[in-house]
Amino acid sequence: AQSVTQPDIHITVSEGASLELRCNYSYGATPYLFWYVQSPGQGLQLLLKYFSGDTLVQGIKGFEAEFKRSQSSFNLRKPSVHWSDAAEYFCGVYYGQNFVFGPGTRLSVLP
Amino acid sequence: NAGVTQTPKFQVLKTGQSMTLQCAQDMNHNSMYWYRQDPGMGLRLIYYSASEGTTDKGEVPNGYNVSRLNKREFSLRLESAAPSQTSVYFCASRGYSNQPQHFGDGTRLSIL
């Protein structure tokens with residue numbers, strides 16, 4: 001069965017530091033991959049998506065993600081974190097009619 | 001620019017009561033979804049509707065029913081609420097194949 005893992009439940013970084021959130025998926029065919037962000041009390045907002053082509057994908061709010069087929073990974077990165085980036089981040093893979101989401105990584109940002 | 005609208009935003013029920021959560025989208029999307037979100041478990045699919053007139057079970061359908069009333073609306077019903085159904089419920093919609101989902105702001109449901 002398709003699955004998505006996010007190894008880090010909670011990450012804390014200082015404002016201005018770089019960030020990498022990990023995501024690994026299990027899916028046989030070419031995956032369609034997504035990252036969503038959820039601020040407290042809000043729904044999920046799409047950060048970026050990968051369908052095909054360039055394996056480095058740019059998203060909103062200065063985020064990017066790199067698809068690595070050999071590692072079954074789709075890690076999310078940001079060079080300099082802002083306090084407003086504190087939120088929960090979900091990686092997901094699309095297959096058939098459905099999406100499978102990872103359990104999420106909660107990001108805290110220290111001033 | 002409404003997108004996906006869920007009502008109500010908050011609700012408290014007693015065990016055994018029934019309730020319908022409403023979801024409407026104004027993006028002319030074909031597919032609609034209901035998820036529940038619980039701490040540490042991410043989002044789990046309850047039911048989805050690939051198109052008007054069709055519904056299918058997701059990962060955790062027990063205790064729920066759905067109705068795709070028309071292309072815009074997709075409701076989720078709890079016939080006899082149980083404390084285990086305390087959760088945050090999200091509705092989402094999607095347009096063409098391989099496009100991302102658009103989410104509502106959620107309904108926070110507590111069952112006592």
# chains A, B, ... in the order shown; residues from 1 in each chain; ligands from 1
$ interface_residues --of "chain B" --to "chain A" --cutoff "12 Å" --atoms "only C-alpha atoms" --output "number ranges by chain"
B: 3-6, 9-10, 30-51, 55-59, 88-108
$ residues_around --residues "region 16-31 of chain A" --least-positions-apart "5" --cutoff "6 Å" --atoms "only C-alpha atoms" --output "list in words"
Gln2, Ser3, Val4, Thr5, Gln6, Ser72, Ser73, Phe74, Asn75, Leu76, Arg77, Lys78, Pro79, Ser80 and Val81 of chain A
$ residues_around --residues "Phe74 (chain B)" --least-positions-apart "5" --cutoff "7 Å" --atoms "only C-alpha atoms" --output "list of chain:residue names"
B:Gln22, B:Cys23, B:Ala24, B:Met32, B:Ser67, B:Arg68, B:Leu69
$ write_last_selection --atoms "C-alpha atoms" --output "compact mmCIF listing (two decimals), in the first residue's frame"
# COMPACT_ATOMS: atom_id res chain seq x y z
CA GLN B 22 -21.88 20.65 5.17
CA CYS B 23 -19.32 21.39 2.46
CA ALA B 24 -19.69 23.47 -0.68
CA MET B 32 -14.70 16.11 -3.33
CA SER B 67 -24.23 12.53 0.13
CA ARG B 68 -23.06 14.23 -3.05
CA LEU B 69 -26.09 16.46 -3.37
$ residues_around --residues "Glu15 (chain A)" --least-positions-apart "6" --cutoff "8 Å" --atoms "only C-alpha atoms" --output "PyMOL selection string"
chain A and resi 80-83+109-111
$ select_by_dssp --residues "chain B" --states "strand (DSSP E)" --output "PyMOL selection string"
chain B and resi 4-7+10-13+19-25+31-37+43-49+56-57+64-68+74-78+87-94+102-103+107-111
$ atom_distance --atom1 "CA of His10 (chain A)" --atom2 "CA of Ser108 (chain A)"
7.6 Å
$ atom_distance --atom1 "CA of Glu52 (chain B)" --atom2 "CA of Glu73 (chain B)"
9.2 Å
$ residues_around --residues "region 75-85 of chain B" --least-positions-apart "4" --cutoff "7 Å" --atoms "only C-alpha atoms" --output "number ranges by chain"
B: 15-23, 63-68, 111-112
$ atom_distance --atom1 "CA of Met27 (chain B)" --atom2 "CA of Ser110 (chain B)"
29.7 Å
$ decode --residues "region 66-80 of chain B" --atoms "N, CA, C and O atoms" --output "PDB file, in the first residue's frame"
ATOM      1  N   VAL B  66     -22.253   9.718   3.566  1.00  0.00           N
ATOM      2  CA  VAL B  66     -22.063  10.939   2.781  1.00  0.00           C
ATOM      3  C   VAL B  66     -23.139  11.045   1.717  1.00  0.00           C
ATOM      4  O   VAL B  66     -23.761  10.048   1.326  1.00  0.00           O
ATOM      5  N   SER B  67     -23.320  12.266   1.240  1.00  0.00           N
ATOM      6  CA  SER B  67     -24.227  12.527   0.125  1.00  0.00           C
ATOM      7  C   SER B  67     -23.591  13.566  -0.774  1.00  0.00           C
ATOM      8  O   SER B  67     -23.178  14.630  -0.298  1.00  0.00           O
ATOM      9  N   ARG B  68     -23.512  13.221  -2.069  1.00  0.00           N
ATOM     10  CA  ARG B  68     -23.063  14.231  -3.047  1.00  0.00           C
ATOM     11  C   ARG B  68     -24.340  14.807  -3.631  1.00  0.00           C
ATOM     12  O   ARG B  68     -24.912  14.273  -4.583  1.00  0.00           O
ATOM     13  N   LEU B  69     -24.778  15.895  -3.051  1.00  0.00           N
ATOM     14  CA  LEU B  69     -26.085  16.460  -3.373  1.00  0.00           C
ATOM     15  C   LEU B  69     -26.135  16.998  -4.800  1.00  0.00           C
ATOM     16  O   LEU B  69     -27.157  16.911  -5.479  1.00  0.00           O
ATOM     17  N   ASN B  70     -25.065  17.579  -5.227  1.00  0.00           N
ATOM     18  CA  ASN B  70     -24.920  18.111  -6.581  1.00  0.00           C
ATOM     19  C   ASN B  70     -23.429  18.327  -6.785  1.00  0.00           C
ATOM     20  O   ASN B  70     -22.619  17.915  -5.937  1.00  0.00           O
ATOM     21  N   LYS B  71     -23.043  18.977  -7.846  1.00  0.00           N
ATOM     22  CA  LYS B  71     -21.603  19.117  -8.100  1.00  0.00           C
ATOM     23  C   LYS B  71     -20.938  19.983  -7.039  1.00  0.00           C
ATOM     24  O   LYS B  71     -19.776  19.795  -6.708  1.00  0.00           O
ATOM     25  N   ARG B  72     -21.668  20.915  -6.464  1.00  0.00           N
ATOM     26  CA  ARG B  72     -21.082  21.862  -5.514  1.00  0.00           C
ATOM     27  C   ARG B  72     -20.987  21.308  -4.100  1.00  0.00           C
ATOM     28  O   ARG B  72     -20.110  21.693  -3.354  1.00  0.00           O
ATOM     29  N   GLU B  73     -21.924  20.446  -3.701  1.00  0.00           N
ATOM     30  CA  GLU B  73     -22.083  20.133  -2.283  1.00  0.00           C
ATOM     31  C   GLU B  73     -21.843  18.666  -1.963  1.00  0.00           C
ATOM     32  O   GLU B  73     -22.293  17.764  -2.673  1.00  0.00           O
ATOM     33  N   PHE B  74     -21.165  18.455  -0.838  1.00  0.00           N
ATOM     34  CA  PHE B  74     -20.822  17.099  -0.397  1.00  0.00           C
ATOM     35  C   PHE B  74     -20.940  17.097   1.113  1.00  0.00           C
ATOM     36  O   PHE B  74     -20.134  17.714   1.803  1.00  0.00           O
ATOM     37  N   SER B  75     -21.940  16.397   1.651  1.00  0.00           N
ATOM     38  CA  SER B  75     -22.182  16.429   3.083  1.00  0.00           C
ATOM     39  C   SER B  75     -21.730  15.141   3.754  1.00  0.00           C
ATOM     40  O   SER B  75     -21.713  14.072   3.147  1.00  0.00           O
ATOM     41  N   LEU B  76     -21.384  15.263   5.027  1.00  0.00           N
ATOM     42  CA  LEU B  76     -20.942  14.125   5.842  1.00  0.00           C
ATOM     43  C   LEU B  76     -21.882  14.006   7.027  1.00  0.00           C
ATOM     44  O   LEU B  76     -22.096  14.980   7.751  1.00  0.00           O
ATOM     45  N   ARG B  77     -22.437  12.806   7.248  1.00  0.00           N
ATOM     46  CA  ARG B  77     -23.406  12.620   8.324  1.00  0.00           C
ATOM     47  C   ARG B  77     -22.895  11.616   9.348  1.00  0.00           C
ATOM     48  O   ARG B  77     -22.386  10.548   8.983  1.00  0.00           O
ATOM     49  N   LEU B  78     -23.059  11.994  10.608  1.00  0.00           N
ATOM     50  CA  LEU B  78     -22.829  11.090  11.726  1.00  0.00           C
ATOM     51  C   LEU B  78     -24.205  10.692  12.255  1.00  0.00           C
ATOM     52  O   LEU B  78     -24.937  11.532  12.767  1.00  0.00           O
ATOM     53  N   GLU B  79     -24.585   9.458  12.109  1.00  0.00           N
ATOM     54  CA  GLU B  79     -25.933   9.024  12.497  1.00  0.00           C
ATOM     55  C   GLU B  79     -26.069   8.900  14.019  1.00  0.00           C
ATOM     56  O   GLU B  79     -27.084   9.247  14.590  1.00  0.00           O
ATOM     57  N   SER B  80     -25.047   8.386  14.662  1.00  0.00           N
ATOM     58  CA  SER B  80     -25.066   8.202  16.106  1.00  0.00           C
ATOM     59  C   SER B  80     -23.650   8.492  16.616  1.00  0.00           C
ATOM     60  O   SER B  80     -22.801   7.610  16.626  1.00  0.00           O
TER      61      SER B  80
END
